[in-house]
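Working notes for the structure below.
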Amino acid sequence: MKILVTGKGGREHALLVALAESPVPPQLFCWPGSDAIFEVAERTRARDLPSLIGFMLEEGIDLCVAGEESLLVTDQGLANLCEAAGIPCWGPPKESAQLEASKAFAKAFLVRHGIPTAGYVVVDTAEEAMAAVTGVPVVLKFDGLAAGKGVAVCETMAEVEAFVEAVLVKRQFGAGRLVVEECLRGPELSVFCSIVDDRYQILTPARDYKRVRDGDEGPNTGGMGAVASPGLVGAEVMAEVERCIVQPTVAGLRADGLPYRGFLYFGLMLTAEGPKVIEYNCRFGDPECEAVMPLFGGDLAQYLKLAAGGELRPELLEQRGGWSVCLILASAGYPETSRSGDVIGGLEAVEGVRVYHCGTRRNAEGAYESHGGRVLAVVAQAPTLAEAREKVYAEAAKVDFAGSQRRSDIATLHFS
Ligand code: AMP
Ligand code: GLY
């Protein structure tokens with residue numbers, strides 16, 4: 001079987017390694033990929049999305065797996081182009097990927113189908129925005145993709161004014177509307193599902209640590225670490241998530257004529273009133289994927305191939321017990337900026353953990369150096385949370401580069 005994964009980060013590296021561990025290892029390709037990814041997957045000749053489709057046809061690719069969302073939501077849509085070319089694709093068409101690409105679309109979907117979420121209004125101008133904000137805290141969201149920077153949880157009116165100015169006056173993220181949303185409180189939970197038309201399978205849940213500094217302080221990032229386990233939250237919480245959120249979402253997609261075959265990521269907040277949806281993403285989370293994939297056994301390649309063809313076979317995927325902890329090593333200046341070119345030491349010394357490359361490249365001497373904000377994901381599994389944590393921190397301590405940043409409290413703040 002030939003499988004091509006789209007993307008270039010730690011999530012795609014983890015997906016590719018998990019696919020490579022299938023009982024009959026598939027021939028793997030990646031686009032655009034990275035130097036580390038090309039140790040497990042082959043390069044393509046593609047320059048852009050249309051030439052990628054051409055490459056997949058020529059090469060006889062059996063399955064395209066969408067890692068990141070960017071290609072799914074383009075004008076052409078990765079899944080739309082794959083469908084037209086007859087290539088099975090794991091990832092939804094652009095119409096359904098609006099659930100991630102447009103916050104206003106997602107909110108209207110949630111309300112239409114009676115799925116719990118924060119109250120909101122959508123505005124077009126700064127005047128409308130200021131009229132809609134009746135107090136703080138309040139959450140403001142740019143209605144489009146903004147590389148994780150389009151959301152402001154505002155605790156003061158000064159923050160509200162600054163964000164409204166940046167988005168609706170200076171147009172920092174380009175044209176687009178603003179969602180003004182009620183601020184929810186509670187622990188966050190990332191729930192992943194495989195969705196195949198009207199069927200679904202709930203996968204091992206995870207928690208992402210978004211703030212850059214310990215104690216959930218500092219600006220939001222793409223994620224500084226994650227913890228995953230079937231035991232992360234109680235069975236009763238997962239049952240409520242399934243009944244109030246997953247089932248109505250799958251039914252809503254059908255009712256709205258939105259085809260869906262792919263991972264769907266529910267970003268939830270466990271509020272005092274029960275779980276509520278903060279956002280949908282039409283792909284796996286990053287860094288949650290790096291934590292979850294090592295807990296999977298079975299036959300991921302066959303599972304995804306059949307699922308993309310319309311056949312969901314939960315028994316092909318073994319979801320192991322235990323705990324998995326992922327620690328991100330980020331570069332100097334992240335998340336405001338990132339520094340590239342810092343040589344990474346100690347990679348060969350780590351034992352018994354997995355290291356996925358989020359943003360690295362090989363330098364002229366062949367050594368790995370930083371190349372982006374998030375650089376590496378070090379991931380450990382163990383029967384208990386404490387053991388997994390201890391292992392990940394002990395091994396990650398062997399790896400360093402100039403200016404590296406890492407949180408010391410990943411997987412300590414967990415659910416009661
Ligand atoms: P999003 O891009 O929608 O996932 O938002 C990024 C982050 O902002 C989330 O992971 C939350 O930490 C926070 N956030 C988003 N919406 C809300 C909300 N309504 N209430 C509180 N925090 C929120
Ligand atoms: N972990 C957050 C995201 O993947 O969007």
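Ligands are numbered from 1 in the order shown, residues from 1 within each chain, and chains are lettered A, B, ... in the order they appear in the structure tokens.
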Item to check | Contact residues around stretch 156-173 of chain A with only C-alpha atoms at 10 Å, ignoring same-chain residues under 5 positions, as a PyMOL selection string | outcome: chain A and resi 123-127+129-130+133-147+149-151+178
Env. residues ligand 1 / 8 Å / only C-alpha atoms and all ligand atoms / as a short mmCIF file (atom, residue, chain, number, x, y, z; two decimals) with N, CA and C atoms, in the first residue's frame:
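Writing the result to part-v2.cif gives the following:
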data_model
loop_
_atom_site.label_atom_id
_atom_site.label_comp_id
_atom_site.auth_asym_id
_atom_site.auth_seq_id
_atom_site.Cartn_x
_atom_site.Cartn_y
_atom_site.Cartn_z
N LYS A 103 -14.93 30.49 12.09
CA LYS A 103 -15.51 30.42 13.44
C LYS A 103 -17.01 30.69 13.38
N THR A 117 -22.27 25.30 23.51
CA THR A 117 -21.12 26.16 23.17
C THR A 117 -21.32 27.51 23.84
N ALA A 118 -20.30 28.35 23.82
CA ALA A 118 -20.41 29.68 24.43
C ALA A 118 -21.33 30.57 23.59
N GLY A 119 -22.10 31.45 24.26
CA GLY A 119 -22.94 32.42 23.55
C GLY A 119 -22.07 33.36 22.74
N VAL A 138 -14.06 38.51 28.16
CA VAL A 138 -14.78 38.21 26.92
C VAL A 138 -13.75 37.64 25.94
N VAL A 139 -14.23 36.85 25.00
CA VAL A 139 -13.32 36.22 24.04
C VAL A 139 -13.61 36.77 22.65
N LEU A 140 -12.57 37.21 21.96
CA LEU A 140 -12.71 37.74 20.60
C LEU A 140 -11.97 36.82 19.64
N LYS A 141 -12.65 36.49 18.52
CA LYS A 141 -12.03 35.57 17.57
C LYS A 141 -12.17 36.09 16.15
N GLY A 148 -3.27 30.35 14.78
CA GLY A 148 -3.35 30.28 16.23
C GLY A 148 -3.31 31.63 16.92
N LYS A 149 -3.23 32.73 16.15
CA LYS A 149 -3.10 34.06 16.77
C LYS A 149 -4.40 34.85 16.70
N GLY A 150 -5.46 34.25 16.18
CA GLY A 150 -6.70 34.98 15.94
C GLY A 150 -7.67 35.00 17.11
N VAL A 151 -7.23 34.52 18.28
CA VAL A 151 -8.13 34.47 19.44
C VAL A 151 -7.53 35.26 20.58
N ALA A 152 -8.35 36.13 21.19
CA ALA A 152 -7.89 36.86 22.37
C ALA A 152 -8.87 36.64 23.51
N VAL A 153 -8.36 36.09 24.61
CA VAL A 153 -9.18 35.97 25.82
C VAL A 153 -8.88 37.25 26.61
N GLU A 181 -17.45 36.45 21.96
CA GLU A 181 -17.94 35.23 22.59
C GLU A 181 -17.86 35.28 24.10
N GLU A 182 -18.82 34.67 24.74
CA GLU A 182 -18.84 34.52 26.20
C GLU A 182 -17.59 33.75 26.63
N CYS A 183 -16.98 34.18 27.73
CA CYS A 183 -15.78 33.50 28.23
C CYS A 183 -16.18 32.34 29.13
N LEU A 184 -15.71 31.15 28.77
CA LEU A 184 -16.02 29.95 29.56
C LEU A 184 -14.85 29.66 30.49
N ARG A 185 -15.15 29.00 31.60
CA ARG A 185 -14.09 28.62 32.54
C ARG A 185 -14.13 27.11 32.75
N GLU A 188 -9.63 22.34 29.82
CA GLU A 188 -9.87 22.03 28.41
C GLU A 188 -9.59 20.56 28.14
N LYS A 210 -1.47 25.10 26.17
CA LYS A 210 -1.30 26.11 25.12
C LYS A 210 -0.43 27.29 25.51
N ASN A 220 -0.65 32.49 24.24
CA ASN A 220 -0.99 31.21 23.64
C ASN A 220 0.04 30.83 22.59
N GLY A 267 -12.43 20.64 20.34
CA GLY A 267 -11.78 21.38 21.42
C GLY A 267 -12.86 21.74 22.42
N MET A 269 -14.38 22.64 26.53
CA MET A 269 -14.12 23.12 27.88
C MET A 269 -15.10 22.43 28.80
N ILE A 278 -15.49 24.57 22.22
CA ILE A 278 -14.79 25.83 21.95
C ILE A 278 -14.51 25.93 20.46
N GLU A 279 -14.09 24.83 19.87
CA GLU A 279 -13.78 24.86 18.44
C GLU A 279 -13.79 23.46 17.86
N TYR A 280 -13.98 23.41 16.54
CA TYR A 280 -13.76 22.18 15.80
C TYR A 280 -12.49 22.36 14.97
#
Checklist entry - When the cut-off is 8 Å and you count only C-alpha atoms and all ligand atoms, which residues lie near ligand 2, shown as a PyMOL selection string? => result chain A and resi 148+190+208-210+222-223+281+283-288
Next on the checklist: For a quick check of understanding, using only C-alpha atoms, which of A:Ala301, A:Leu110, A:Ala388, A:Ala291 has the smallest distance to A:Pro26?
Outcome noted: A:Ala301
Next on the checklist: DSSP on the backbone, strand (DSSP E) only: what residues of stretch 89-149 of chain A does that give? Format it as JSON, numbers by chain.
Outcome noted: {"A": [89, 90, 120, 121, 122, 123, 138, 139, 140, 141, 142]}
